[in-house]
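Source file: entry-v6.tsv (TSV, C-alpha atoms and all ligand atoms)
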```
chain	number	residue	atom	x	y	z
A	1	MET	CA	-59.42	-109.67	-156.78
A	2	GLY	CA	-57.72	-106.75	-155.08
A	3	ASP	CA	-58.44	-105.98	-151.49
A	4	LEU	CA	-60.65	-102.91	-151.40
A	5	LEU	CA	-60.59	-102.65	-147.63
A	6	GLU	CA	-56.83	-102.76	-147.36
A	7	TYR	CA	-56.39	-100.03	-149.96
A	8	LEU	CA	-59.15	-97.85	-148.49
A	9	LYS	CA	-57.68	-98.15	-145.01
A	10	SER	CA	-54.41	-96.81	-146.40
A	11	GLN	CA	-56.38	-93.82	-147.74
A	12	GLN	CA	-58.14	-92.92	-144.49
A	13	ASN	CA	-56.34	-89.60	-144.03
A	14	GLU	CA	-56.96	-88.56	-147.62
A	15	MET	CA	-60.63	-89.46	-147.25
A	16	LEU	CA	-60.83	-87.33	-144.14
A	17	LYS	CA	-59.21	-84.41	-145.95
A	18	MET	CA	-61.73	-84.71	-148.77
A	19	LEU	CA	-64.51	-84.76	-146.21
A	20	GLN	CA	-63.12	-81.61	-144.60
A	21	THR	CA	-63.09	-79.89	-148.01
A	22	LEU	CA	-66.76	-80.75	-148.56
A	23	VAL	CA	-67.86	-79.78	-145.05
A	24	GLU	CA	-66.05	-76.44	-145.25
A	25	ILE	CA	-68.09	-75.39	-148.29
A	26	GLU	CA	-71.46	-74.78	-146.65
A	27	SER	CA	-74.52	-75.83	-148.63
A	28	PRO	CA	-77.89	-74.93	-147.09
A	29	SER	CA	-80.74	-76.19	-149.30
A	30	LEU	CA	-82.03	-72.69	-150.02
A	31	GLU	CA	-78.68	-71.13	-150.94
A	32	LYS	CA	-78.22	-71.83	-154.64
A	33	GLU	CA	-74.87	-70.09	-155.00
A	34	MET	CA	-73.26	-71.93	-152.09
A	35	ASN	CA	-74.69	-75.23	-153.30
A	36	ASP	CA	-73.32	-74.63	-156.77
A	37	LEU	CA	-69.92	-73.82	-155.38
A	38	LEU	CA	-69.88	-77.15	-153.56
A	39	GLY	CA	-71.21	-78.82	-156.70
A	40	LYS	CA	-68.25	-77.45	-158.64
A	41	LYS	CA	-65.81	-78.80	-156.08
A	42	ILE	CA	-67.47	-82.23	-156.03
A	43	THR	CA	-67.41	-82.33	-159.84
A	44	GLU	CA	-63.69	-81.57	-159.85
A	45	ILE	CA	-63.01	-84.28	-157.28
A	46	PHE	CA	-65.29	-86.82	-158.94
A	47	LEU	CA	-63.60	-86.39	-162.33
A	48	SER	CA	-60.07	-86.66	-161.02
A	49	PHE	CA	-60.68	-89.48	-158.51
A	50	THR	CA	-62.99	-91.77	-160.45
A	51	GLY	CA	-62.19	-91.05	-164.10
A	52	GLY	CA	-65.94	-90.82	-164.71
A	53	THR	CA	-67.92	-88.03	-166.34
A	54	MET	CA	-70.20	-85.47	-164.73
A	55	GLU	CA	-73.26	-83.83	-166.18
A	56	ILE	CA	-74.55	-80.68	-164.55
A	57	ILE	CA	-78.33	-80.45	-164.65
A	58	PRO	CA	-79.18	-76.74	-164.39
A	59	ASN	CA	-81.70	-75.54	-161.83
A	60	GLN	CA	-83.24	-72.09	-161.56
A	61	THR	CA	-84.13	-72.08	-157.89
A	62	TYR	CA	-81.94	-74.56	-156.03
A	63	GLY	CA	-78.42	-75.83	-156.62
A	64	ASN	CA	-77.76	-77.55	-159.94
A	65	HIS	CA	-78.10	-81.31	-159.71
A	66	LEU	CA	-75.13	-83.50	-160.59
A	67	ARG	CA	-75.26	-86.73	-162.58
A	68	GLY	CA	-71.98	-88.61	-162.55
A	69	ARG	CA	-71.40	-91.62	-164.77
A	70	TRP	CA	-68.80	-94.27	-164.20
A	71	GLY	CA	-67.99	-97.61	-165.74
A	72	GLN	CA	-69.48	-99.52	-168.60
A	73	GLY	CA	-71.84	-102.40	-168.75
A	74	ASP	CA	-75.17	-103.85	-169.68
A	75	HIS	CA	-77.13	-102.42	-166.81
A	76	GLN	CA	-77.25	-99.57	-164.38
A	77	ILE	CA	-76.74	-99.18	-160.65
A	78	LEU	CA	-77.80	-95.91	-159.07
A	79	LEU	CA	-75.85	-94.30	-156.24
A	80	LEU	CA	-78.06	-91.71	-154.62
A	81	ALA	CA	-76.79	-88.79	-152.57
A	82	HIS	CA	-77.66	-85.19	-151.74
A	83	ARG	CA	-75.20	-82.45	-150.92
A	84	ASP	CA	-77.53	-79.87	-149.35
A	85	THR	CA	-77.74	-79.67	-145.57
A	86	VAL	CA	-80.25	-78.40	-143.01
A	87	TRP	CA	-77.63	-75.99	-141.69
A	88	GLN	CA	-77.57	-72.24	-142.24
A	89	SER	CA	-74.89	-70.15	-143.82
A	90	GLY	CA	-72.36	-69.26	-141.09
A	91	ASP	CA	-73.06	-72.27	-138.84
A	92	LEU	CA	-69.57	-73.47	-139.70
A	93	LEU	CA	-68.14	-70.65	-137.57
A	94	THR	CA	-69.60	-72.03	-134.36
A	95	ASN	CA	-69.51	-75.67	-135.42
A	96	PRO	CA	-66.36	-76.02	-137.54
A	97	PHE	CA	-64.94	-79.18	-139.04
A	98	ARG	CA	-62.86	-80.76	-136.28
A	99	ILE	CA	-61.49	-84.05	-135.13
A	100	GLU	CA	-61.96	-85.12	-131.52
A	101	GLY	CA	-60.63	-88.55	-130.72
A	102	ASN	CA	-62.08	-91.05	-133.18
A	103	LYS	CA	-64.85	-88.71	-134.35
A	104	ALA	CA	-65.00	-85.98	-136.99
A	105	TYR	CA	-67.54	-83.18	-136.50
A	106	GLY	CA	-69.09	-80.54	-138.72
A	107	PRO	CA	-72.35	-79.46	-140.36
A	108	GLY	CA	-73.57	-82.05	-142.87
A	109	ILE	CA	-70.66	-84.41	-142.20
A	110	PHE	CA	-72.99	-87.32	-141.35
A	111	ASP	CA	-76.02	-86.25	-143.43
A	112	MET	CA	-74.51	-86.73	-145.91
A	113	LYS	CA	-71.21	-85.38	-147.10
A	114	GLY	CA	-69.52	-88.45	-145.59
A	115	GLY	CA	-71.66	-90.61	-147.88
A	116	ILE	CA	-70.50	-88.63	-150.92
A	117	VAL	CA	-66.84	-89.16	-149.97
A	118	GLN	CA	-67.42	-92.89	-149.45
A	119	GLY	CA	-69.15	-93.11	-152.83
A	120	ILE	CA	-66.36	-91.32	-154.68
A	121	TYR	CA	-63.72	-93.43	-152.94
A	122	ALA	CA	-65.56	-96.68	-153.69
A	123	LEU	CA	-65.41	-95.90	-157.41
A	124	HIS	CA	-61.86	-94.57	-157.12
A	125	THR	CA	-60.75	-97.79	-155.45
A	126	LEU	CA	-62.41	-100.07	-158.00
A	127	ARG	CA	-60.59	-98.12	-160.68
A	128	HIS	CA	-57.30	-98.12	-158.80
A	129	LEU	CA	-57.46	-101.90	-158.39
A	130	GLN	CA	-58.53	-102.28	-162.02
A	131	ILE	CA	-61.79	-103.94	-161.10
A	132	ASN	CA	-64.30	-103.27	-163.85
A	133	PRO	CA	-67.79	-104.34	-162.79
A	134	ASN	CA	-70.05	-104.99	-165.76
A	135	CYS	CA	-72.38	-102.08	-165.10
A	136	GLN	CA	-72.75	-98.38	-165.49
A	137	VAL	CA	-72.91	-96.54	-162.21
A	138	VAL	CA	-74.95	-93.35	-162.17
A	139	PHE	CA	-74.06	-91.21	-159.17
A	140	LEU	CA	-76.75	-88.60	-158.53
A	141	ILE	CA	-75.83	-85.79	-156.17
A	142	THR	CA	-78.87	-83.58	-155.69
A	143	SER	CA	-79.27	-80.25	-153.92
A	144	ASP	CA	-82.76	-80.17	-152.41
A	145	GLU	CA	-83.36	-83.37	-150.43
A	146	GLU	CA	-83.67	-81.66	-147.07
A	147	ILE	CA	-86.63	-79.62	-148.32
A	148	GLY	CA	-88.46	-82.60	-149.85
A	149	SER	CA	-86.69	-82.83	-153.25
A	150	PRO	CA	-89.06	-80.54	-155.16
A	151	SER	CA	-86.78	-80.17	-158.18
A	152	SER	CA	-84.86	-83.46	-158.08
A	153	ARG	CA	-87.66	-85.96	-157.63
A	154	GLN	CA	-88.30	-86.36	-161.34
A	155	ILE	CA	-84.60	-86.87	-162.11
A	156	ILE	CA	-84.28	-89.40	-159.29
A	157	GLU	CA	-87.31	-91.36	-160.51
A	158	GLU	CA	-86.11	-91.33	-164.13
A	159	GLU	CA	-82.75	-92.79	-163.13
A	160	ALA	CA	-84.32	-95.32	-160.75
A	161	LYS	CA	-86.50	-96.59	-163.61
A	162	LYS	CA	-83.36	-97.28	-165.66
A	163	SER	CA	-81.55	-98.95	-162.76
A	164	ASP	CA	-81.44	-102.54	-161.56
A	165	TYR	CA	-80.49	-101.50	-158.05
A	166	VAL	CA	-80.36	-98.32	-155.99
A	167	LEU	CA	-77.82	-97.70	-153.21
A	168	VAL	CA	-78.65	-94.72	-150.99
A	169	LEU	CA	-75.78	-93.02	-149.16
A	170	GLU	CA	-77.92	-91.63	-146.34
A	171	PRO	CA	-76.70	-92.12	-142.76
A	172	PRO	CA	-77.38	-95.51	-141.17
A	173	MET	CA	-79.00	-95.96	-137.76
A	174	TYR	CA	-77.30	-96.34	-134.41
A	175	ASP	CA	-73.61	-96.50	-133.58
A	176	TYR	CA	-73.33	-99.89	-135.27
A	177	GLY	CA	-74.43	-98.50	-138.64
A	178	ALA	CA	-77.65	-100.42	-139.23
A	179	LEU	CA	-78.80	-100.41	-142.85
A	180	LYS	CA	-82.31	-99.26	-143.68
A	181	THR	CA	-84.40	-101.83	-145.49
A	182	ALA	CA	-87.76	-100.19	-144.84
A	183	ARG	CA	-88.87	-96.61	-144.59
A	184	LYS	CA	-92.41	-95.55	-143.92
A	185	GLY	CA	-94.39	-93.64	-146.50
A	186	VAL	CA	-95.41	-90.12	-145.59
A	187	GLY	CA	-98.75	-88.38	-146.13
A	188	MET	CA	-99.31	-84.73	-145.33
A	189	TYR	CA	-102.66	-83.04	-144.91
A	190	LYS	CA	-104.07	-79.68	-143.96
A	191	LEU	CA	-107.55	-79.56	-142.45
A	192	LYS	CA	-109.55	-76.34	-142.59
A	193	VAL	CA	-112.69	-76.25	-140.49
A	194	THR	CA	-115.33	-73.57	-140.91
A	195	GLY	CA	-118.01	-73.01	-138.29
A	196	GLN	CA	-120.24	-70.14	-137.34
A	197	ALA	CA	-119.08	-67.26	-135.16
A	198	ALA	CA	-121.29	-66.01	-132.30
A	199	HIS	CA	-120.92	-63.98	-129.10
A	200	SER	CA	-120.20	-66.57	-126.47
A	201	GLY	CA	-122.18	-64.67	-123.81
A	202	ILE	CA	-125.22	-63.49	-125.73
A	203	ASP	CA	-125.68	-65.96	-128.60
A	204	HIS	CA	-123.72	-69.02	-127.67
A	205	GLN	CA	-126.36	-71.42	-128.99
A	206	LYS	CA	-126.22	-69.82	-132.45
A	207	GLY	CA	-122.53	-70.54	-132.85
A	208	LYS	CA	-120.97	-73.58	-134.48
A	209	SER	CA	-117.53	-74.02	-133.02
A	210	ALA	CA	-114.82	-74.87	-135.52
A	211	ILE	CA	-112.55	-75.67	-132.59
A	212	GLU	CA	-114.99	-78.20	-131.17
A	213	GLU	CA	-115.29	-79.77	-134.61
A	214	LEU	CA	-111.51	-79.92	-134.94
A	215	ALA	CA	-111.30	-81.53	-131.51
A	216	HIS	CA	-113.66	-84.29	-132.70
A	217	GLN	CA	-111.58	-84.76	-135.84
A	218	THR	CA	-108.32	-84.79	-133.90
A	219	LEU	CA	-109.60	-87.67	-131.78
A	220	TYR	CA	-110.94	-89.43	-134.87
A	221	LEU	CA	-107.61	-89.08	-136.71
A	222	HIS	CA	-105.51	-90.13	-133.74
A	223	LYS	CA	-107.61	-93.28	-133.37
A	224	LEU	CA	-106.43	-94.29	-136.86
A	225	THR	CA	-102.98	-94.84	-135.33
A	226	ASP	CA	-102.22	-98.55	-135.06
A	227	TYR	CA	-98.73	-99.38	-133.80
A	228	THR	CA	-99.23	-103.10	-134.49
A	229	ILE	CA	-99.17	-102.38	-138.24
A	230	GLY	CA	-96.86	-99.38	-138.03
A	231	THR	CA	-99.43	-96.75	-138.88
A	232	THR	CA	-99.34	-93.37	-137.18
A	233	VAL	CA	-101.57	-90.35	-137.70
A	234	ASN	CA	-100.44	-87.21	-135.94
A	235	VAL	CA	-102.21	-83.87	-135.73
A	236	GLY	CA	-99.06	-81.84	-135.30
A	237	THR	CA	-100.37	-78.28	-135.24
A	238	VAL	CA	-103.73	-76.70	-134.46
A	239	ASN	CA	-104.77	-73.12	-134.91
A	240	GLY	CA	-108.13	-71.50	-134.53
A	241	GLY	CA	-110.46	-68.95	-133.08
A	242	THR	CA	-110.05	-65.23	-132.57
A	243	ARG	CA	-110.93	-64.40	-128.94
A	244	GLY	CA	-112.02	-66.07	-125.74
A	245	ASN	CA	-115.54	-64.65	-125.96
A	246	VAL	CA	-116.22	-65.66	-129.57
A	247	VAL	CA	-117.40	-69.08	-130.73
A	248	ALA	CA	-114.64	-69.96	-133.18
A	249	ALA	CA	-115.60	-69.68	-136.84
A	250	GLU	CA	-112.35	-71.13	-138.09
A	251	ALA	CA	-109.75	-73.68	-137.11
A	252	GLU	CA	-107.08	-75.60	-138.94
A	253	ALA	CA	-104.61	-78.39	-138.39
A	254	GLU	CA	-101.61	-80.03	-140.02
A	255	VAL	CA	-101.61	-83.80	-140.10
A	256	ASP	CA	-98.74	-86.22	-140.67
A	257	VAL	CA	-99.49	-89.81	-141.72
A	258	ARG	CA	-96.91	-92.63	-141.75
A	259	VAL	CA	-97.51	-96.13	-143.08
A	260	ARG	CA	-95.44	-99.18	-143.92
A	261	THR	CA	-97.07	-100.23	-147.16
A	262	GLN	CA	-98.83	-98.82	-150.17
A	263	ALA	CA	-101.74	-101.15	-149.36
A	264	GLU	CA	-102.11	-99.39	-146.01
A	265	PHE	CA	-102.08	-96.03	-147.78
A	266	ASP	CA	-104.88	-97.32	-150.00
A	267	ARG	CA	-106.86	-98.29	-146.92
A	268	ILE	CA	-106.29	-95.23	-144.79
A	269	ILE	CA	-106.40	-92.38	-147.32
A	270	PRO	CA	-110.18	-92.62	-147.92
A	271	LEU	CA	-110.72	-92.65	-144.14
A	272	ILE	CA	-108.94	-89.30	-143.97
A	273	GLU	CA	-110.06	-87.67	-147.19
A	274	ASN	CA	-113.74	-88.56	-146.75
A	275	ILE	CA	-113.92	-87.18	-143.24
A	276	VAL	CA	-117.47	-86.22	-142.16
A	277	PRO	CA	-118.14	-83.32	-139.78
A	278	ALA	CA	-119.39	-84.36	-136.35
A	279	ILE	CA	-121.22	-81.08	-135.72
A	280	GLU	CA	-124.03	-80.12	-138.03
A	281	GLY	CA	-123.39	-76.80	-139.71
A	282	THR	CA	-119.60	-77.01	-139.78
A	283	ARG	CA	-117.58	-77.66	-142.94
A	284	ILE	CA	-114.21	-79.35	-143.42
A	285	GLU	CA	-111.83	-78.85	-146.32
A	286	ILE	CA	-108.90	-81.21	-146.73
A	287	GLU	CA	-105.78	-80.53	-148.78
A	288	GLY	CA	-102.78	-82.80	-149.26
A	289	GLY	CA	-101.99	-86.42	-149.95
A	290	ILE	CA	-99.05	-88.80	-150.25
A	291	ASN	CA	-95.75	-86.96	-149.98
A	292	ARG	CA	-93.47	-89.99	-150.25
A	293	PRO	CA	-94.37	-93.62	-150.96
A	294	PRO	CA	-93.08	-96.24	-148.51
A	295	LEU	CA	-89.78	-98.04	-149.04
A	296	GLU	CA	-91.11	-101.54	-148.55
A	297	ARG	CA	-88.88	-104.43	-147.60
A	298	THR	CA	-89.59	-106.57	-150.63
A	299	LYS	CA	-87.87	-109.90	-151.23
A	300	GLU	CA	-85.37	-108.15	-153.50
A	301	VAL	CA	-84.56	-105.55	-150.84
A	302	GLY	CA	-84.07	-108.43	-148.40
A	303	ASN	CA	-81.67	-110.07	-150.88
A	304	MET	CA	-79.68	-106.85	-151.20
A	305	PHE	CA	-79.35	-106.69	-147.45
A	306	GLU	CA	-78.27	-110.34	-147.26
A	307	LEU	CA	-75.61	-109.61	-149.84
A	308	ALA	CA	-74.37	-106.63	-147.80
A	309	ARG	CA	-74.40	-108.72	-144.64
A	310	ASN	CA	-72.32	-111.46	-146.25
A	311	ILE	CA	-69.82	-108.92	-147.55
A	312	GLY	CA	-69.64	-107.45	-144.06
A	313	LYS	CA	-69.04	-110.83	-142.48
A	314	GLU	CA	-66.62	-112.27	-145.03
A	315	LYS	CA	-64.66	-109.27	-146.19
A	316	LEU	CA	-64.99	-106.50	-143.63
A	317	GLY	CA	-65.28	-108.30	-140.32
A	318	ILE	CA	-68.44	-106.44	-139.35
A	319	ASP	CA	-71.88	-107.65	-138.39
A	320	LEU	CA	-74.45	-105.62	-140.31
A	321	VAL	CA	-78.03	-105.40	-139.14
A	322	GLU	CA	-81.12	-103.94	-140.77
A	323	VAL	CA	-83.80	-101.63	-139.37
A	324	GLU	CA	-87.03	-99.97	-140.34
A	325	THR	CA	-87.40	-96.22	-139.87
A	326	GLY	CA	-90.31	-93.82	-139.89
A	327	GLY	CA	-88.12	-91.14	-141.44
A	328	ALA	CA	-88.16	-90.64	-145.20
A	329	SER	CA	-85.40	-90.12	-147.76
A	330	ASP	CA	-85.09	-90.04	-151.53
A	331	GLY	CA	-84.95	-93.83	-151.23
A	332	ASN	CA	-88.73	-93.64	-150.78
A	333	PHE	CA	-89.00	-92.33	-154.35
A	334	THR	CA	-86.79	-95.01	-155.87
A	335	ALA	CA	-88.19	-97.98	-153.91
A	336	PRO	CA	-91.35	-98.47	-156.02
A	337	LEU	CA	-89.16	-98.41	-159.18
A	338	ALA	CA	-86.08	-100.47	-158.25
A	339	PRO	CA	-84.89	-102.45	-155.20
A	340	THR	CA	-83.33	-99.93	-152.85
A	341	LEU	CA	-80.86	-100.38	-150.00
A	342	ASP	CA	-80.58	-97.30	-147.79
A	343	GLY	CA	-78.35	-96.20	-144.93
A	344	LEU	CA	-75.03	-96.92	-146.65
A	345	GLY	CA	-73.52	-93.64	-145.44
A	346	PRO	CA	-70.92	-93.28	-142.71
A	347	VAL	CA	-71.40	-94.56	-139.20
A	348	GLY	CA	-72.02	-91.68	-136.81
A	349	ASP	CA	-74.76	-89.78	-135.06
A	350	GLY	CA	-76.52	-86.44	-134.69
A	351	ALA	CA	-78.09	-85.78	-138.09
A	352	HIS	CA	-79.58	-82.26	-138.02
A	353	ALA	CA	-78.08	-81.68	-134.53
A	354	VAL	CA	-74.96	-79.87	-133.27
A	355	HIS	CA	-73.26	-83.08	-132.22
A	356	GLU	CA	-73.41	-84.34	-135.81
A	357	HIS	CA	-70.33	-86.52	-136.36
A	358	VAL	CA	-68.90	-89.57	-138.09
A	359	LEU	CA	-66.65	-92.34	-136.76
A	360	ILE	CA	-63.37	-91.92	-138.60
A	361	GLN	CA	-62.13	-95.50	-138.69
A	362	ASP	CA	-65.42	-96.71	-140.16
A	363	ILE	CA	-65.22	-94.45	-143.22
A	364	PRO	CA	-62.92	-96.77	-145.24
A	365	VAL	CA	-64.93	-99.81	-144.10
A	366	ARG	CA	-68.25	-98.41	-145.30
A	367	SER	CA	-66.65	-97.26	-148.53
A	368	ALA	CA	-65.31	-100.79	-149.09
A	369	LEU	CA	-68.80	-102.17	-148.43
A	370	LEU	CA	-70.10	-99.94	-151.20
A	371	GLY	CA	-67.35	-100.99	-153.62
A	372	TYR	CA	-67.98	-104.69	-152.98
A	373	LEU	CA	-71.74	-104.17	-153.31
A	374	ILE	CA	-71.31	-102.52	-156.71
A	375	GLU	CA	-69.04	-105.35	-157.81
A	376	GLU	CA	-71.49	-108.06	-156.67
A	377	LEU	CA	-74.69	-106.36	-157.83
A	378	ALA	CA	-73.15	-105.86	-161.27
A	379	ARG	CA	-73.18	-109.66	-161.59
A	380	GLN	CA	-76.82	-109.89	-160.62
A	381	LYS	CA	-78.70	-108.48	-163.55
A	382	ARG	CA	-82.42	-108.20	-162.83
A	383	HIS	CA	-83.72	-107.80	-166.36
A	384	SER	CA	-82.20	-107.59	-169.84
B	401	ZN	ZN	-79.86	-86.87	-145.82
```

As structure tokens, what does this structure read like?
Amino acid sequence: MGDLLEYLKSQQNEMLKMLQTLVEIESPSLEKEMNDLLGKKITEIFLSFTGGTMEIIPNQTYGNHLRGRWGQGDHQILLLAHRDTVWQSGDLLTNPFRIEGNKAYGPGIFDMKGGIVQGIYALHTLRHLQINPNCQVVFLITSDEEIGSPSSRQIIEEEAKKSDYVLVLEPPMYDYGALKTARKGVGMYKLKVTGQAAHSGIDHQKGKSAIEELAHQTLYLHKLTDYTIGTTVNVGTVNGGTRGNVVAAEAEAEVDVRVRTQAEFDRIIPLIENIVPAIEGTRIEIEGGINRPPLERTKEVGNMFELARNIGKEKLGIDLVEVETGGASDGNFTAPLAPTLDGLGPVGDGAHAVHEHVLIQDIPVRSALLGYLIEELARQKRHS
């Protein structure tokens, strides 16, 4: 077996140049043209570096999604990435791609253009060393993850269903690159409370305050938080009333719910959706539901992590750790359909922040991790 790490280390400068190319084509989620331009560049690179094929899945509103295919075999491994960023067009002017010491900076470099480069190089290296894992790799590069994947979710789920394993190239946690073996599920609700308006000086007793009702419900919802089981319920915004001297007829709130397991969703959803007004004469309407299912640390996810940890120890000289996060990714969509290991992107920090950066010398290491993972997982068929 060829040494992936050794080869990738020799390619560090080329990897960095590729990363610069991707960072310097800005790709805000809502800018279709810019996203398509980057998609074109990635397609070009993918074809020439991996020898695979690329299918462009057209999209009316957002950037076209990309479905790369590489290798041949009896089963499928999904590499999952997105190329859109939370940055705006022009942010590159004030926050350009640059190298400072052992770090490379730029919009989207960590979340997650670095992951795309590592993915392409992992496949490139397997090919270069003539390692042919017995699997087909599907490399999805979507364009709307940062806005909740409205147009890519279906494609992601379809491919996850066909896959034995899913590897997500999202950033890891902390400066030691912890992998993500659990992500909380997310529920989103909007509460609309209707009361009865009245002059607060003349007719106060005739009013039914929507604000008072919402205050009751806010306390009720917040009491559903239980850190011991990882459940949080957060009323994140409240709006209501018209003037100081009017009993408020209307109030509304946005609520964010995070849970570790689908079972907890099943328990807590009725407690939210069947909310009962505390004040007679007020009415509550609730809209919303589950936005992303949880990525649960199943036994199979645990096995994937153990495999990664062994590769880290034996072949890369790194000590990988795993963490749970409350933040969601497209890995939440794949997790109920196939075992998913997330956080395989570059080591760095500052996702969605101006100090967003990656650690340069870790780029080849993480790319090698990915290559070895593909090679090993290809041997571990889950079903025929
Ligand atoms: Zn991301």

Surroundings of ligand ZN 401 (chain B) up to 6 Å, based on only C-alpha atoms and all ligand atoms, as a PDB file with C-alpha atoms, in the coordinates of the input:
```pdb
ATOM      1  CA  ASP A 111     -76.020 -86.250-143.430  1.00  0.00           C
ATOM      2  CA  MET A 112     -74.510 -86.730-145.910  1.00  0.00           C
ATOM      3  CA  GLU A 170     -77.920 -91.630-146.340  1.00  0.00           C
TER       4      GLU A 170
END
```

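From CA of Tyr176 (chain A) back to CA of Gly108 (chain A), the distance works out to 19.4 Å.
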
> Which residue, A:Thr53, A:Thr218, A:Thr21, A:Ser151, has the smallest gap to Gly114 (chain A) when you use only C-alpha atoms?
Replying inline: A:Thr21

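For the atom pair formed by CA of Ile363 (chain A) and CA of Lys17 (chain A), the distance is 12.0 Å, given to one decimal.
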
Who sits within 7 Å of Glu213 (chain A), all atoms listed in the file, same chain under 4 positions skipped, as a JSON list (two decimals) with C-alpha atoms, in the coordinates of the input:
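The resulting part.json:
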```json
[["chain", "number", "residue", "atom", "x", "y", "z"],
["A", 209, "SER", "CA", -117.53, -74.02, -133.02],
["A", 217, "GLN", "CA", -111.58, -84.76, -135.84],
["A", 277, "PRO", "CA", -118.14, -83.32, -139.78],
["A", 278, "ALA", "CA", -119.39, -84.36, -136.35],
["A", 279, "ILE", "CA", -121.22, -81.08, -135.72]]
```

> Leaving out region 343-351 of chain A and any residue of its chain fewer than 6 positions from it, which residues lie within 9 Å of it when counting all atoms listed in the file, given as JSON, numbers by chain?
Replying inline: {"A": [103, 107, 108, 109, 110, 111, 112, 113, 114, 115, 116, 118, 119, 167, 168, 169, 170, 171, 172, 173, 174, 175, 176, 177, 178, 179, 180, 181, 357, 358, 359, 360, 362, 363, 365, 366, 367, 369, 370]}

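Considering all atoms listed in the file, the residue among A:Lys9, A:Arg258, A:Arg83, A:Arg379 positioned nearest to Lys184 (chain A) is A:Arg258.
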
>> What's around Ile77 (chain A) at 9 Å? Count only C-alpha atoms, leave out sequence neighbours fewer than 5 positions away in its own chain, and write the answer as a ChimeraX atom specification.
In response: /A:135-139,160,162-167,374,377-378

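Across A:Glu14, A:Glu146, A:Glu285, A:Glu376, the tightest approach to Tyr121 (chain A) is made by A:Glu14 when counting all atoms listed in the file.
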
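From CA of Thr298 (chain A) back to CA of Gly73 (chain A), the distance works out to 25.7 Å.
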
>> Set the distance at 10 Å and use all atoms listed in the file: which residues neighbour His124 (chain A) once local chain neighbours fewer than 5 positions away are removed? I'd like the list as number ranges by chain.
In response: A: 8, 46-52, 70, 118-119, 129-130, 371

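The environment of Leu30 (chain A) within 12 Å, counting all atoms listed in the file and disregarding residues fewer than 2 places along the same chain, consists of Glu26, Ser27, Pro28, Lys32, Glu33, Met34, Asn35, Asp36, Gln60, Thr61, Tyr62, Gly63, Asn64, Arg83, Asp84, Thr85, Val86, Trp87, Gln88, Ser89, Ser143, Asp144, Glu145, Glu146, Ile147, Gly148, Ser149 and Pro150 of chain A.
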
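Distances from A:Ile272, A:Ile141, A:Met54, A:Ala338 to Leu224 (chain A) were compared using only C-alpha atoms, and the smallest one belongs to A:Ile272.
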
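When all atoms listed in the file are used to compute distances to Phe265 (chain A), the closest of the residues A:Thr237, A:Thr125, A:Thr282, A:Thr231 turns out to be A:Thr231.
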
Please output region 76-87 of chain A, rebuilt to include N, CA and C atoms, as a tab-separated table (two decimals), keeping the file's coordinate frame.
```tsv
chain	number	residue	atom	x	y	z
A	76	GLN	N	-77.56	-100.77	-165.16
A	76	GLN	CA	-77.25	-99.57	-164.38
A	76	GLN	C	-77.49	-99.77	-162.90
A	77	ILE	N	-76.56	-99.25	-162.10
A	77	ILE	CA	-76.74	-99.18	-160.65
A	77	ILE	C	-76.73	-97.71	-160.28
A	78	LEU	N	-77.70	-97.32	-159.45
A	78	LEU	CA	-77.80	-95.91	-159.07
A	78	LEU	C	-77.25	-95.70	-157.66
A	79	LEU	N	-76.30	-94.77	-157.56
A	79	LEU	CA	-75.85	-94.30	-156.24
A	79	LEU	C	-76.56	-92.99	-156.00
A	80	LEU	N	-77.23	-92.89	-154.86
A	80	LEU	CA	-78.06	-91.71	-154.62
A	80	LEU	C	-77.57	-90.94	-153.41
A	81	ALA	N	-77.29	-89.64	-153.65
A	81	ALA	CA	-76.79	-88.79	-152.57
A	81	ALA	C	-77.34	-87.38	-152.74
A	82	HIS	N	-77.33	-86.62	-151.64
A	82	HIS	CA	-77.66	-85.19	-151.74
A	82	HIS	C	-76.55	-84.42	-151.04
A	83	ARG	N	-76.29	-83.21	-151.51
A	83	ARG	CA	-75.20	-82.45	-150.92
A	83	ARG	C	-75.70	-81.26	-150.11
A	84	ASP	N	-77.01	-80.97	-150.17
A	84	ASP	CA	-77.53	-79.87	-149.35
A	84	ASP	C	-77.63	-80.32	-147.89
A	85	THR	N	-77.62	-79.36	-147.00
A	85	THR	CA	-77.74	-79.67	-145.57
A	85	THR	C	-78.85	-78.82	-144.95
A	86	VAL	N	-79.22	-79.18	-143.72
A	86	VAL	CA	-80.25	-78.40	-143.01
A	86	VAL	C	-79.63	-77.19	-142.32
A	87	TRP	N	-78.31	-77.06	-142.42
A	87	TRP	CA	-77.63	-75.99	-141.69
A	87	TRP	C	-77.72	-74.67	-142.43
```
